[in-house]
$ cat entry.cif   # mmCIF, C-alpha atoms
data_start
#
loop_
_atom_site.label_atom_id
_atom_site.label_comp_id
_atom_site.auth_asym_id
_atom_site.auth_seq_id
_atom_site.Cartn_x
_atom_site.Cartn_y
_atom_site.Cartn_z
CA MET A 1 51.50 136.12 59.90
CA SER A 2 49.67 133.95 57.41
CA GLY A 3 49.14 137.07 55.29
CA GLU A 4 52.93 137.54 55.18
CA GLN A 5 53.43 133.93 54.15
CA GLY A 6 51.00 134.36 51.26
CA ALA A 7 53.26 137.12 49.85
CA LEU A 8 56.35 134.88 49.98
CA PRO A 9 57.16 132.48 47.14
CA PRO A 10 56.08 128.92 47.98
CA GLU A 11 59.67 127.71 48.43
CA TYR A 12 60.16 130.14 51.36
CA ARG A 13 56.85 129.54 53.20
CA SER A 14 56.76 127.44 56.35
CA PRO A 15 55.18 123.98 55.86
CA GLN A 16 51.37 124.41 56.08
CA ALA A 17 50.49 120.75 55.63
CA GLU A 18 52.29 119.83 58.84
CA ALA A 19 50.46 122.59 60.77
CA LEU A 20 47.11 121.49 59.34
CA LEU A 21 47.76 117.84 60.27
CA ARG A 22 48.63 118.90 63.81
CA GLN A 23 45.39 120.93 63.92
CA ALA A 24 43.43 117.82 62.84
CA ILE A 25 45.16 115.77 65.56
CA GLU A 26 44.26 118.42 68.16
CA LEU A 27 40.59 118.41 67.02
CA ILE A 28 40.45 114.65 67.46
CA GLU A 29 42.22 114.75 70.84
CA GLN A 30 39.89 117.49 72.11
CA ALA A 31 36.73 115.78 70.86
CA ARG A 32 34.10 114.94 73.46
CA PRO A 33 33.97 111.25 74.31
CA MET A 34 30.74 109.31 73.73
CA PRO A 35 29.12 107.95 76.85
CA LEU A 36 29.76 104.28 77.45
CA SER A 37 32.04 104.07 74.39
CA ALA A 38 35.65 104.53 73.33
CA SER A 39 34.48 106.67 70.43
CA SER A 40 34.58 110.43 70.33
CA MET A 41 32.29 112.92 68.81
CA ILE A 42 33.98 115.20 66.29
CA SER A 43 32.76 117.69 63.77
CA LYS A 44 33.01 115.91 60.46
CA ASP A 45 33.00 119.14 58.45
CA GLU A 46 35.68 120.76 60.56
CA VAL A 47 38.06 117.76 60.37
CA LEU A 48 37.42 117.28 56.65
CA ALA A 49 38.12 120.97 55.96
CA VAL A 50 41.45 120.75 57.82
CA LEU A 51 42.44 117.48 56.08
CA GLN A 52 41.45 118.82 52.64
CA ALA A 53 43.50 121.99 53.25
CA ALA A 54 46.45 119.79 54.26
CA ALA A 55 45.97 117.64 51.15
CA GLN A 56 45.96 120.75 48.97
CA ALA A 57 49.01 122.25 50.70
CA LEU A 58 50.99 119.01 50.58
CA PRO A 59 51.67 118.93 46.79
CA GLU A 60 52.73 122.58 46.88
CA GLU A 61 55.05 121.91 49.79
CA LEU A 62 56.41 118.80 48.11
CA ARG A 63 57.12 120.88 44.98
CA ALA A 64 58.83 123.50 47.17
CA ALA A 65 60.86 120.78 48.91
CA ARG A 66 61.85 119.28 45.56
CA TRP A 67 62.77 122.75 44.33
CA LEU A 68 64.90 123.34 47.45
CA LEU A 69 66.59 119.96 46.97
CA LYS A 70 67.30 120.77 43.32
CA GLU A 71 68.63 124.22 44.27
CA ARG A 72 70.79 122.58 46.92
CA GLN A 73 72.15 120.10 44.38
CA ASP A 74 72.75 122.88 41.85
CA PHE A 75 74.48 124.95 44.52
CA LEU A 76 76.64 122.01 45.59
CA ALA A 77 77.51 121.29 41.95
CA ARG A 78 78.48 124.95 41.38
CA VAL A 79 80.53 125.03 44.57
CA GLN A 80 82.19 121.72 43.64
CA ALA A 81 82.98 123.03 40.13
CA GLU A 82 84.40 126.25 41.59
CA GLY A 83 86.43 124.24 44.09
CA ASP A 84 87.73 121.97 41.34
CA GLN A 85 88.62 125.02 39.24
CA ILE A 86 90.45 126.62 42.18
CA ILE A 87 92.35 123.38 42.82
CA ALA A 88 93.23 123.03 39.12
CA THR A 89 94.39 126.65 38.96
CA SER A 90 96.44 126.20 42.13
CA ARG A 91 98.04 123.04 40.78
CA SER A 92 98.81 124.76 37.49
CA GLN A 93 100.37 127.72 39.30
CA ALA A 94 102.33 125.38 41.55
CA GLU A 95 103.62 123.47 38.51
CA GLN A 96 104.59 126.73 36.82
CA MET A 97 106.40 127.84 39.97
CA VAL A 98 108.21 124.50 40.14
CA GLN A 99 109.13 124.78 36.46
CA ARG A 100 110.38 128.33 37.00
CA THR A 101 112.34 127.14 40.00
CA GLU A 102 113.79 124.30 37.92
CA LEU A 103 114.62 126.74 35.11
CA VAL A 104 116.32 129.04 37.59
CA LYS A 105 118.29 126.12 39.01
CA MET A 106 119.30 125.02 35.52
CA ALA A 107 120.29 128.58 34.58
CA GLU A 108 122.33 128.97 37.77
CA GLU A 109 124.06 125.64 37.15
CA ARG A 110 124.80 126.66 33.55
CA ALA A 111 126.15 130.02 34.73
CA ARG A 112 128.39 128.29 37.28
CA SER A 113 129.63 125.94 34.55
CA ILE A 114 130.37 128.85 32.18
CA VAL A 115 132.22 130.75 34.92
CA ALA A 116 134.22 127.64 35.84
CA ASP A 117 135.13 127.06 32.17
CA ALA A 118 136.13 130.71 31.77
CA GLU A 119 138.27 130.57 34.92
CA GLU A 120 139.93 127.36 33.68
CA GLN A 121 140.63 128.94 30.27
CA ALA A 122 142.01 132.07 31.95
CA ARG A 123 144.29 129.98 34.17
CA HIS A 124 145.44 127.96 31.15
CA LEU A 125 146.11 131.11 29.09
CA LYS A 126 147.98 132.66 32.02
CA LEU A 127 150.22 129.61 32.32
CA GLU A 128 150.83 129.55 28.56
CA THR A 129 151.63 133.28 28.60
CA GLU A 130 154.02 132.84 31.52
CA ASP A 131 155.75 129.94 29.72
CA TRP A 132 156.05 131.98 26.49
CA CYS A 133 157.43 134.99 28.40
CA ASP A 134 159.90 132.74 30.26
CA GLN A 135 161.09 131.23 26.96
CA LYS A 136 161.54 134.66 25.37
CA LEU A 137 163.30 136.04 28.45
CA GLY A 138 165.55 132.94 28.56
CA ALA A 139 166.48 133.40 24.90
CA MET A 140 167.09 137.09 25.51
CA GLN A 141 169.26 136.21 28.54
CA VAL A 142 171.39 133.90 26.40
CA VAL A 143 171.78 136.62 23.76
CA LEU A 144 172.59 139.20 26.42
CA GLU A 145 175.12 136.88 28.11
CA ARG A 146 176.85 136.32 24.75
CA THR A 147 176.77 140.04 24.15
CA MET A 148 178.19 140.66 27.63
CA THR A 149 180.91 138.09 27.01
CA THR A 150 181.72 139.67 23.66
CA VAL A 151 181.74 143.15 25.19
CA ALA A 152 183.88 141.98 28.11
CA SER A 153 186.41 140.27 25.84
CA GLY A 154 186.44 143.33 23.57
CA ARG A 155 187.12 145.57 26.54
CA ALA A 156 189.78 143.23 27.80
CA ARG A 157 191.50 143.31 24.42
CA LEU A 158 191.27 147.06 24.36
CA GLN A 159 192.70 147.32 27.84
CA GLY A 160 195.46 144.88 26.97
CA ALA A 161 196.38 146.87 23.84
CA GLU A 162 196.47 150.11 25.79
CA ARG A 163 198.88 148.63 28.34
CA ARG A 164 201.21 147.35 25.68
CA ASP A 165 201.30 150.76 24.08
CA ALA A 166 201.98 152.45 27.42
CA GLU A 167 204.80 150.09 28.53
CA PRO A 168 208.12 149.83 26.74
CA ALA A 169 208.63 146.60 25.03
CA PRO A 170 210.73 144.29 27.14
CA ALA A 171 214.17 143.43 25.94
CA PRO A 172 214.52 140.03 24.52
CA VAL A 173 215.64 137.70 27.15
CA GLU A 174 218.35 135.37 26.24
CA PRO A 175 218.01 132.06 27.70
CA GLU A 176 220.60 131.12 30.17
CA THR A 177 222.50 128.09 29.34
CA PRO A 178 223.47 125.94 32.16
CA GLU A 179 227.10 125.18 32.62
CA GLY A 180 228.24 122.11 31.10
CA PHE A 181 225.57 122.23 28.46
CA PHE A 182 226.90 122.37 25.00
CA ASP A 183 224.92 123.97 22.25
CA GLN A 184 226.27 123.18 18.89
CA ASP A 185 224.74 126.21 17.27
CA GLU A 186 226.73 128.49 19.37
#

$ encode --input "entry.cif" --output "structure tokens"
Amino acid sequence: MSGEQGALPPEYRSPQAEALLRQAIELIEQARPMPLSASSMISKDEVLAVLQAAAQALPEELRAARWLLKERQDFLARVQAEGDQIIATSRSQAEQMVQRTELVKMAEERARSIVADAEEQARHLKLETEDWCDQKLGAMQVVLERTMTTVASGRARLQGAERRDAEPAPAPVEPETPEGFFDQDE
């Protein structure tokens, strides 16, 4: 497995310094105790080799950790920028939709106003036309009534003249004088 880790870039390897420090702790814990003492006997070379390997691995692992932290920060910054861009785009689209909605409302209101004005003008023109027609028909009625009266009187005269021609003229009637009335002309 350590051969596989050597092929990986340092930022993807498991922490070796921690494993080496644990190995050093195990060497010390497993060391043989000294008789009549609290000290233990350990192999100086073996412990030094493990600690030196840990010391060498530690800067590399710290660099890898710093690199991972930087990558994490870069990733978070990119994600934050993308999120901000998405939010800004969404807000812009929402504002455009609201503006379109407002424009549609304004256009509908204007259309209703134009239709109402047109209907009012049509009603007004209709009333004016009806009044004009009524005036003209009234004037024509007066003319026709006069004409009818003239025609009727003309017909009556004609009928009266025809009757006079058809009937013999009446004899002049002498007025009767009452008795006892004296007329000096007679």

$ closest_residue --input "entry.cif" --among "A:Val115, A:Leu36, A:Ile28, A:Ala19" --to "Ala53 in chain A" --atoms "all atoms listed in the file"
A:Ala19

$ atom_distance --input "entry.cif" --atom1 "CA of Val151 in chain A" --atom2 "CA of Ala139 in chain A"
18.1 Å

$ residues_around --input "entry.cif" --residues "Pro15 in chain A" --least-positions-apart "4" --cutoff "9 Å" --atoms "all atoms listed in the file" --output "list in words"
Ala19, Ala57, Leu58 and Glu61 of chain A

$ resolve_selection --input "entry.cif" --expression "the PyMOL selection byres ((chain A and resi 20-26) around 9)" --output "list in words"
Gln16, Ala17, Glu18, Ala19, Leu27, Ile28, Glu29, Gln30, Ala31, Glu46, Val47, Leu48, Val50, Leu51, Ala53, Ala54 and Ala57 of chain A

$ axis_aligned_box --input "entry.cif" --around "range 29-34 of chain A" --padding-each-side "4 Å" --output "lines of an AutoDock Vina configuration file"
center_x = 36.5
center_y = 113.4
center_z = 72.6
size_x = 19.5
size_y = 16.2
size_z = 11.5
